[in-house]
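Asks: Submitted below is the structure of interest, expressed as C-alpha cells.
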There are 2 protein chains.
Amino acid sequence: MLAEKLFEQLNNDNIINAGGTIKFELLGIKTTIKTKSVVGDVIQDWLTEYMKKNAIEFKFSEHSQKFPDFFLGNELLEVKCFDVKKSPNFDIANFESYCGSLLKSPERLDSYYLIFSYEMNDVDHTVYIRNIWLKKVWEISGPSDGWPIKFQVKKGMIYNIRPNTWYSERTKYKKFTSRKEFVYALAECIKRYPATNHLHKANWLKEVELGYQRLTGNDL
Amino acid sequence: MLAEKLFEQLNNDNIINAGGTIKFELLGIKTTIKTKSVVGDVIQDWLTEYMKKNAIEFKFSEHSQKFPDFFLGNELLEVKCFDVKKSPNFDIANFESYCGSLLKSPERLDSYYLIFSYEMNDVDHTVYIRNIWLKKVWEISGPSDGWPIKFQVKKGMIYNIRPNTWYSERTKYKKFTSRKEFVYALAECIKRYPATNHLHKANWLKEVELGYQRLTGNDL
C-alpha cells in the first residue's frame, strides 16, 4: 500500500515529463552534468528528499550495497532507472545471490520495483522523466534466448538478472503472468547452470515454496 | 607539455581543498547528491568546462567508452578519481584489451593519468578535492600478491589493471621505476595467464618494444 501510495503521489505531482539539471560548481566554474551514468543515483537521492517532503516514512537498508534500496513499512522497494532511448539494462539482482537469498528472505518475491525512464536533452542536458512504473519482479523479467530468464551473460557465465521490455506489446517471448511462473523459471535455470546445481540438489524450489507459504499463508 | 600545463593551472587555482556540491532539482524539490559513485563522472564533466574556460584545447575520444578520456594535442589524458578515505580502486584498463591495444597503440604507454582524491562531507555532502596527481601508468601500478601487477581478480579470472597506493611510502612491494619494468611485468602476466598466453606465443613483448621504438625513436 505504501509503495502504491508513493507511486500515486508521483503521478499526481505530474512527474512524467518533469525535468531538471544536475549541477556542480568548483573554483567558481559552474557545470551541468551530461554523463548519463549518474542519472540513476541522482534520481534515487532525489526520491529520498521527495519522500521526506511528502511525509512518506522510509528506512534505508542497513548496508548501502544490499537489497532493497528502501523499506516503506514492511514493504521492500527497489529504485531503477533507464534511458528511454535504449532498452532497460539495469540489474534486477545478481543471479546466484538472489537465488540463495530467497531461501532466507522469500519476501523478496514481493518487492516493489519503482522504475523511471528518463531522457537527457542533448543541448542543455536537462533530465526529463518520461515514464514511471511500479512493478513486481515477475512483471519485469521474462524468458530469453538460451535461458528461461533473461540474464547478463559474459563468456558463458551468468551474472545478473536483467529486465525484459515489459512495456512493449511486441515481445518475442511470452511474459510471466505470476510469481509462480517466475520462480519455476528460476528453478529451471538453477538446475541447468553448473554453479547453482547444488541448490537444485538441495531442493531449492520446494524450500522457496514452503518459505513463501510460511511467511504469507499463500501459495506462490 | 599540455597535460602538465593543465596540472599546473589546477594547482595555481588552488584546487586542493576546494569544494562544491552536486545538486539536482525536480518538481520544485532541491536535493544535494550524496552518492559517492557519481563523483568521478561529475569531476570529469567539470574538468571539461574548466579546460574550456582556461582555453586549454582538447578533444574527446570518438567513442565515449574508449581510451583515452581526452586528447590534449597528441597527448592522451585519462581522468581518475577516488575517495580519500579508501584505497584507490579505479580501473586503469581492462587487462586483456590493454595488452592487445599496446600492439597497435604503443603511445598508450605514455598516457597521462590525472588523478583526483576527494572527500565528501558527511553532513552537507560537499565534495572537497584533497589532492591531485599527474602520473604515467608505471607510476601508479605495481606488483601484488600472486601477480607481477595488481589486478582486479574474480573467481580466478583477471579483469582490470588496478592502481597501487603510489603516494604511500609504506608499501609491501617495490614500485616500478620505469615504463620498461611495467611492460616486462605485463609480459610475465601474459605468459602465465591462460587467456593471454597466445599473445606470449606471438612474441607480444618483442612487438611492443619494436612498436614503441618505431613510434618514439626511443627504447622502452
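Ordering of the C-alpha cells sets the chain letters (A, B, ...); residue numbers start at 1 within each chain; ligands are numbered from 1 in the order shown.
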As an MDAnalysis selection string, please: every residue in chain A that DSSP puts in strand (DSSP E or B).

Replies: chainID A and resid 19:20 22:26 29:32 59:60 70:72 75:83 93:94 112:120 127:135 151:154 157:161

Asks: Please identify every residue of chain A that has at least one atom no more than 9 Å from any atom of chain B, counting only C-alpha atoms, and report them as a PyMOL selection string.

Replies: chain A and resi 13-15+18-27+29-35+37-39+41-43+45-46+48-50+53

Asks: So which residues of chain A fall under alpha helix (DSSP H) by DSSP, listed as an mmCIF file with N, CA and C atoms, in the first residue's frame?

Replies:
```
data_model
loop_
_atom_site.group_PDB
_atom_site.id
_atom_site.type_symbol
_atom_site.label_atom_id
_atom_site.label_comp_id
_atom_site.auth_asym_id
_atom_site.auth_seq_id
_atom_site.Cartn_x
_atom_site.Cartn_y
_atom_site.Cartn_z
ATOM 1 N N LEU A 2 1.971 1.237 0.749
ATOM 2 C CA LEU A 2 2.807 2.433 0.856
ATOM 3 C C LEU A 2 3.525 2.721 -0.459
ATOM 4 N N ALA A 3 4.048 1.669 -1.083
ATOM 5 C CA ALA A 3 4.717 1.853 -2.366
ATOM 6 C C ALA A 3 3.707 2.364 -3.396
ATOM 7 N N GLU A 4 2.510 1.814 -3.328
ATOM 8 C CA GLU A 4 1.464 2.266 -4.262
ATOM 9 C C GLU A 4 1.078 3.717 -4.000
ATOM 10 N N LYS A 5 1.090 4.093 -2.716
ATOM 11 C CA LYS A 5 0.768 5.474 -2.350
ATOM 12 C C LYS A 5 1.842 6.438 -2.911
ATOM 13 N N LEU A 6 3.101 6.023 -2.771
ATOM 14 C CA LEU A 6 4.209 6.822 -3.310
ATOM 15 C C LEU A 6 4.078 6.977 -4.823
ATOM 16 N N PHE A 7 3.777 5.862 -5.483
ATOM 17 C CA PHE A 7 3.640 5.863 -6.934
ATOM 18 C C PHE A 7 2.511 6.799 -7.383
ATOM 19 N N GLU A 8 1.406 6.731 -6.657
ATOM 20 C CA GLU A 8 0.251 7.574 -6.956
ATOM 21 C C GLU A 8 0.595 9.054 -6.767
ATOM 22 N N GLN A 9 1.301 9.330 -5.684
ATOM 23 C CA GLN A 9 1.700 10.707 -5.374
ATOM 24 C C GLN A 9 2.599 11.285 -6.483
ATOM 25 N N LEU A 10 3.546 10.479 -6.940
ATOM 26 C CA LEU A 10 4.435 10.918 -8.025
ATOM 27 C C LEU A 10 3.624 11.241 -9.283
ATOM 28 N N ASN A 11 2.656 10.410 -9.573
ATOM 29 C CA ASN A 11 1.782 10.671 -10.725
ATOM 30 C C ASN A 11 0.937 11.920 -10.527
ATOM 31 N N ASN A 12 0.384 12.064 -9.315
ATOM 32 C CA ASN A 12 -0.430 13.259 -9.021
ATOM 33 C C ASN A 12 0.394 14.537 -9.151
ATOM 34 N N VAL A 39 22.667 9.378 -13.672
ATOM 35 C CA VAL A 39 21.249 9.747 -13.518
ATOM 36 C C VAL A 39 20.513 8.838 -12.526
ATOM 37 N N GLY A 40 20.770 7.540 -12.571
ATOM 38 C CA GLY A 40 20.095 6.614 -11.662
ATOM 39 C C GLY A 40 20.327 6.972 -10.198
ATOM 40 N N ASP A 41 21.589 7.185 -9.843
ATOM 41 C CA ASP A 41 21.909 7.547 -8.457
ATOM 42 C C ASP A 41 21.306 8.897 -8.077
ATOM 43 N N VAL A 42 21.316 9.823 -9.008
ATOM 44 C CA VAL A 42 20.783 11.164 -8.742
ATOM 45 C C VAL A 42 19.270 11.092 -8.480
ATOM 46 N N ILE A 43 18.559 10.344 -9.298
ATOM 47 C CA ILE A 43 17.103 10.232 -9.104
ATOM 48 C C ILE A 43 16.790 9.540 -7.772
ATOM 49 N N GLN A 44 17.599 8.545 -7.429
ATOM 50 C CA GLN A 44 17.366 7.862 -6.149
ATOM 51 C C GLN A 44 17.588 8.813 -4.961
ATOM 52 N N ASP A 45 18.637 9.616 -5.024
ATOM 53 C CA ASP A 45 18.871 10.614 -3.963
ATOM 54 C C ASP A 45 17.725 11.625 -3.924
ATOM 55 N N TRP A 46 17.254 12.027 -5.094
ATOM 56 C CA TRP A 46 16.138 12.968 -5.159
ATOM 57 C C TRP A 46 14.878 12.356 -4.538
ATOM 58 N N LEU A 47 14.640 11.074 -4.833
ATOM 59 C CA LEU A 47 13.441 10.404 -4.314
ATOM 60 C C LEU A 47 13.430 10.388 -2.781
ATOM 61 N N THR A 48 14.595 10.230 -2.187
ATOM 62 C CA THR A 48 14.719 10.281 -0.725
ATOM 63 C C THR A 48 14.175 11.612 -0.202
ATOM 64 N N GLU A 49 14.604 12.676 -0.839
ATOM 65 C CA GLU A 49 14.158 14.013 -0.451
ATOM 66 C C GLU A 49 12.648 14.180 -0.701
ATOM 67 N N TYR A 50 12.198 13.637 -1.799
ATOM 68 C CA TYR A 50 10.771 13.705 -2.148
ATOM 69 C C TYR A 50 9.916 13.011 -1.085
ATOM 70 N N MET A 51 10.373 11.872 -0.630
ATOM 71 C CA MET A 51 9.599 11.131 0.389
ATOM 72 C C MET A 51 9.586 11.906 1.703
ATOM 73 N N LYS A 52 10.724 12.521 2.056
ATOM 74 C CA LYS A 52 10.754 13.344 3.278
ATOM 75 C C LYS A 52 9.746 14.479 3.187
ATOM 76 N N LYS A 53 9.768 15.179 2.061
ATOM 77 C CA LYS A 53 8.867 16.328 1.874
ATOM 78 C C LYS A 53 7.405 15.906 1.887
ATOM 79 N N PHE A 95 22.286 -13.129 -10.018
ATOM 80 C CA PHE A 95 21.531 -14.392 -10.105
ATOM 81 C C PHE A 95 21.789 -15.325 -8.915
ATOM 82 N N GLU A 96 23.056 -15.633 -8.672
ATOM 83 C CA GLU A 96 23.355 -16.608 -7.619
ATOM 84 C C GLU A 96 22.967 -16.087 -6.233
ATOM 85 N N SER A 97 23.294 -14.824 -5.946
ATOM 86 C CA SER A 97 22.934 -14.259 -4.632
ATOM 87 C C SER A 97 21.423 -14.236 -4.448
ATOM 88 N N TYR A 98 20.734 -13.871 -5.516
ATOM 89 C CA TYR A 98 19.281 -13.754 -5.433
ATOM 90 C C TYR A 98 18.652 -15.103 -5.098
ATOM 91 N N CYS A 99 19.081 -16.144 -5.803
ATOM 92 C CA CYS A 99 18.525 -17.480 -5.558
ATOM 93 C C CYS A 99 18.819 -17.908 -4.127
ATOM 94 N N GLY A 100 20.050 -17.688 -3.675
ATOM 95 C CA GLY A 100 20.398 -18.028 -2.296
ATOM 96 C C GLY A 100 19.535 -17.260 -1.309
ATOM 97 N N SER A 101 19.329 -15.970 -1.576
ATOM 98 C CA SER A 101 18.627 -15.128 -0.608
ATOM 99 C C SER A 101 17.145 -15.471 -0.492
ATOM 100 N N LEU A 102 16.555 -16.013 -1.567
ATOM 101 C CA LEU A 102 15.119 -16.357 -1.495
ATOM 102 C C LEU A 102 14.843 -17.450 -0.467
ATOM 103 N N LEU A 103 15.871 -18.251 -0.157
ATOM 104 C CA LEU A 103 15.701 -19.293 0.863
ATOM 105 C C LEU A 103 15.493 -18.663 2.239
ATOM 106 N N LYS A 104 16.183 -17.555 2.479
ATOM 107 C CA LYS A 104 16.070 -16.881 3.784
ATOM 108 C C LYS A 104 15.031 -15.760 3.760
ATOM 109 N N VAL A 137 8.753 -8.310 -9.471
ATOM 110 C CA VAL A 137 9.864 -8.871 -10.249
ATOM 111 C C VAL A 137 9.387 -9.708 -11.451
ATOM 112 N N TRP A 138 8.301 -10.476 -11.265
ATOM 113 C CA TRP A 138 7.870 -11.328 -12.395
ATOM 114 C C TRP A 138 7.221 -10.511 -13.516
ATOM 115 N N GLU A 139 6.919 -9.257 -13.237
ATOM 116 C CA GLU A 139 6.322 -8.414 -14.276
ATOM 117 C C GLU A 139 7.370 -7.720 -15.155
ATOM 118 N N ILE A 140 8.641 -7.766 -14.706
ATOM 119 C CA ILE A 140 9.686 -7.089 -15.491
ATOM 120 C C ILE A 140 10.777 -8.048 -15.947
ATOM 121 N N ARG A 179 3.955 -14.797 -10.043
ATOM 122 C CA ARG A 179 5.139 -15.033 -9.208
ATOM 123 C C ARG A 179 5.614 -16.476 -9.395
ATOM 124 N N LYS A 180 4.649 -17.378 -9.427
ATOM 125 C CA LYS A 180 4.972 -18.808 -9.528
ATOM 126 C C LYS A 180 5.728 -19.136 -10.819
ATOM 127 N N GLU A 181 5.275 -18.581 -11.941
ATOM 128 C CA GLU A 181 5.977 -18.830 -13.219
ATOM 129 C C GLU A 181 7.423 -18.360 -13.160
ATOM 130 N N PHE A 182 7.626 -17.197 -12.517
ATOM 131 C CA PHE A 182 8.980 -16.655 -12.372
ATOM 132 C C PHE A 182 9.855 -17.592 -11.536
ATOM 133 N N VAL A 183 9.317 -18.060 -10.408
ATOM 134 C CA VAL A 183 10.098 -18.943 -9.522
ATOM 135 C C VAL A 183 10.396 -20.278 -10.214
ATOM 136 N N TYR A 184 9.444 -20.809 -10.946
ATOM 137 C CA TYR A 184 9.679 -22.060 -11.665
ATOM 138 C C TYR A 184 10.735 -21.879 -12.766
ATOM 139 N N ALA A 185 10.739 -20.736 -13.388
ATOM 140 C CA ALA A 185 11.764 -20.457 -14.406
ATOM 141 C C ALA A 185 13.142 -20.344 -13.746
ATOM 142 N N LEU A 186 13.187 -19.689 -12.583
ATOM 143 C CA LEU A 186 14.451 -19.625 -11.825
ATOM 144 C C LEU A 186 14.932 -21.048 -11.493
ATOM 145 N N ALA A 187 14.000 -21.884 -11.043
ATOM 146 C CA ALA A 187 14.349 -23.258 -10.651
ATOM 147 C C ALA A 187 14.949 -24.025 -11.825
ATOM 148 N N GLU A 188 14.406 -23.795 -13.010
ATOM 149 C CA GLU A 188 14.911 -24.446 -14.223
ATOM 150 C C GLU A 188 16.344 -23.975 -14.520
ATOM 151 N N CYS A 189 16.598 -22.684 -14.341
ATOM 152 C CA CYS A 189 17.947 -22.142 -14.559
ATOM 153 C C CYS A 189 18.930 -22.711 -13.539
ATOM 154 N N ILE A 190 18.491 -22.764 -12.296
ATOM 155 C CA ILE A 190 19.320 -23.301 -11.207
ATOM 156 C C ILE A 190 19.747 -24.731 -11.513
ATOM 157 N N LYS A 191 18.819 -25.487 -12.066
ATOM 158 C CA LYS A 191 19.090 -26.894 -12.391
ATOM 159 C C LYS A 191 20.113 -26.994 -13.527
ATOM 160 N N ARG A 192 19.925 -26.144 -14.535
ATOM 161 C CA ARG A 192 20.783 -26.251 -15.728
ATOM 162 C C ARG A 192 22.159 -25.630 -15.557
ATOM 163 N N ASN A 197 23.766 -25.752 -9.472
ATOM 164 C CA ASN A 197 23.120 -27.059 -9.441
ATOM 165 C C ASN A 197 23.029 -27.635 -8.014
ATOM 166 N N HIS A 198 23.972 -27.215 -7.148
ATOM 167 C CA HIS A 198 23.905 -27.680 -5.748
ATOM 168 C C HIS A 198 22.590 -27.231 -5.080
ATOM 169 N N LEU A 199 22.069 -26.073 -5.484
ATOM 170 C CA LEU A 199 20.796 -25.601 -4.930
ATOM 171 C C LEU A 199 19.650 -26.507 -5.393
ATOM 172 N N HIS A 200 19.727 -26.887 -6.667
ATOM 173 C CA HIS A 200 18.718 -27.802 -7.208
ATOM 174 C C HIS A 200 18.708 -29.106 -6.414
ATOM 175 N N LYS A 201 19.917 -29.633 -6.169
ATOM 176 C CA LYS A 201 20.028 -30.901 -5.426
ATOM 177 C C LYS A 201 19.541 -30.753 -3.991
ATOM 178 N N TRP A 204 15.864 -26.635 -3.795
ATOM 179 C CA TRP A 204 15.636 -25.192 -3.735
ATOM 180 C C TRP A 204 14.173 -24.804 -3.954
ATOM 181 N N LEU A 205 13.555 -25.370 -5.008
ATOM 182 C CA LEU A 205 12.184 -24.967 -5.357
ATOM 183 C C LEU A 205 11.208 -25.263 -4.220
ATOM 184 N N LYS A 206 11.304 -26.467 -3.684
ATOM 185 C CA LYS A 206 10.430 -26.883 -2.580
ATOM 186 C C LYS A 206 10.623 -25.950 -1.373
ATOM 187 N N GLU A 207 11.892 -25.642 -1.076
ATOM 188 C CA GLU A 207 12.200 -24.789 0.075
ATOM 189 C C GLU A 207 11.619 -23.382 -0.089
ATOM 190 N N VAL A 208 11.730 -22.853 -1.302
ATOM 191 C CA VAL A 208 11.207 -21.498 -1.546
ATOM 192 C C VAL A 208 9.672 -21.510 -1.475
ATOM 193 N N GLU A 209 9.074 -22.554 -2.022
ATOM 194 C CA GLU A 209 7.601 -22.669 -1.946
ATOM 195 C C GLU A 209 7.119 -22.713 -0.501
ATOM 196 N N LEU A 210 7.803 -23.532 0.301
ATOM 197 C CA LEU A 210 7.427 -23.653 1.717
ATOM 198 C C LEU A 210 7.681 -22.342 2.467
ATOM 199 N N GLY A 211 8.827 -21.736 2.170
ATOM 200 C CA GLY A 211 9.193 -20.479 2.847
ATOM 201 C C GLY A 211 8.172 -19.386 2.568
ATOM 202 N N TYR A 212 7.750 -19.301 1.317
ATOM 203 C CA TYR A 212 6.789 -18.253 0.950
ATOM 204 C C TYR A 212 5.433 -18.512 1.615
ATOM 205 N N GLN A 213 5.064 -19.793 1.692
ATOM 206 C CA GLN A 213 3.796 -20.177 2.298
ATOM 207 C C GLN A 213 3.799 -19.865 3.801
ATOM 208 N N ARG A 214 4.912 -20.196 4.442
ATOM 209 C CA ARG A 214 5.060 -19.953 5.875
ATOM 210 C C ARG A 214 4.948 -18.452 6.172
ATOM 211 N N LEU A 215 5.569 -17.658 5.287
ATOM 212 C CA LEU A 215 5.606 -16.208 5.516
ATOM 213 C C LEU A 215 4.261 -15.541 5.277
ATOM 214 N N THR A 216 3.595 -15.949 4.193
ATOM 215 C CA THR A 216 2.420 -15.193 3.751
ATOM 216 C C THR A 216 1.105 -15.938 3.970
#
```

Asks: By how many Å are CA of Thr196 in chain B and CA of Asn164 in chain B apart?

Replies: 22.4 Å

Asks: Which residues come within 7 Å of Val79 in chain B, counting only C-alpha atoms, excluding same-chain residues fewer than 5 positions away, as a VMD selection string?

Replies: chain B and resid 44 69 113 to 115

Asks: How would the residues just picked look written out with N, CA and C atoms as a PDB file, in the first residue's frame?

Replies:
```pdb
ATOM      1  N   GLN B  44      34.868  14.756 -13.910  1.00  0.00           N
ATOM      2  CA  GLN B  44      35.307  14.732 -15.312  1.00  0.00           C
ATOM      3  C   GLN B  44      34.503  15.723 -16.166  1.00  0.00           C
ATOM      4  N   ASP B  69      40.195   9.379 -22.169  1.00  0.00           N
ATOM      5  CA  ASP B  69      39.091  10.319 -21.955  1.00  0.00           C
ATOM      6  C   ASP B  69      39.256  11.557 -22.831  1.00  0.00           C
ATOM      7  N   TYR B 113      47.757  10.159 -16.549  1.00  0.00           N
ATOM      8  CA  TYR B 113      46.618   9.921 -15.650  1.00  0.00           C
ATOM      9  C   TYR B 113      46.541  11.112 -14.706  1.00  0.00           C
ATOM     10  N   LEU B 114      45.453  11.874 -14.851  1.00  0.00           N
ATOM     11  CA  LEU B 114      45.196  12.992 -13.943  1.00  0.00           C
ATOM     12  C   LEU B 114      44.245  12.454 -12.872  1.00  0.00           C
ATOM     13  N   ILE B 115      44.732  12.392 -11.650  1.00  0.00           N
ATOM     14  CA  ILE B 115      44.003  11.694 -10.583  1.00  0.00           C
ATOM     15  C   ILE B 115      43.604  12.674  -9.486  1.00  0.00           C
TER      16      ILE B 115
END
```

Asks: Taking only C-alpha atoms into account, name the residue in A:Lys135, A:Lys59, A:Arg162, A:His125 that is nearest to Asn74 in chain A.

Replies: A:Lys59

Asks: Which polymer residues have any atom within 9 Å of an atom of Phe60 in chain B, counting only C-alpha atoms, with same-chain residues fewer than 5 positions away left out, as a ChimeraX atom specification?

Replies: /B:68-71
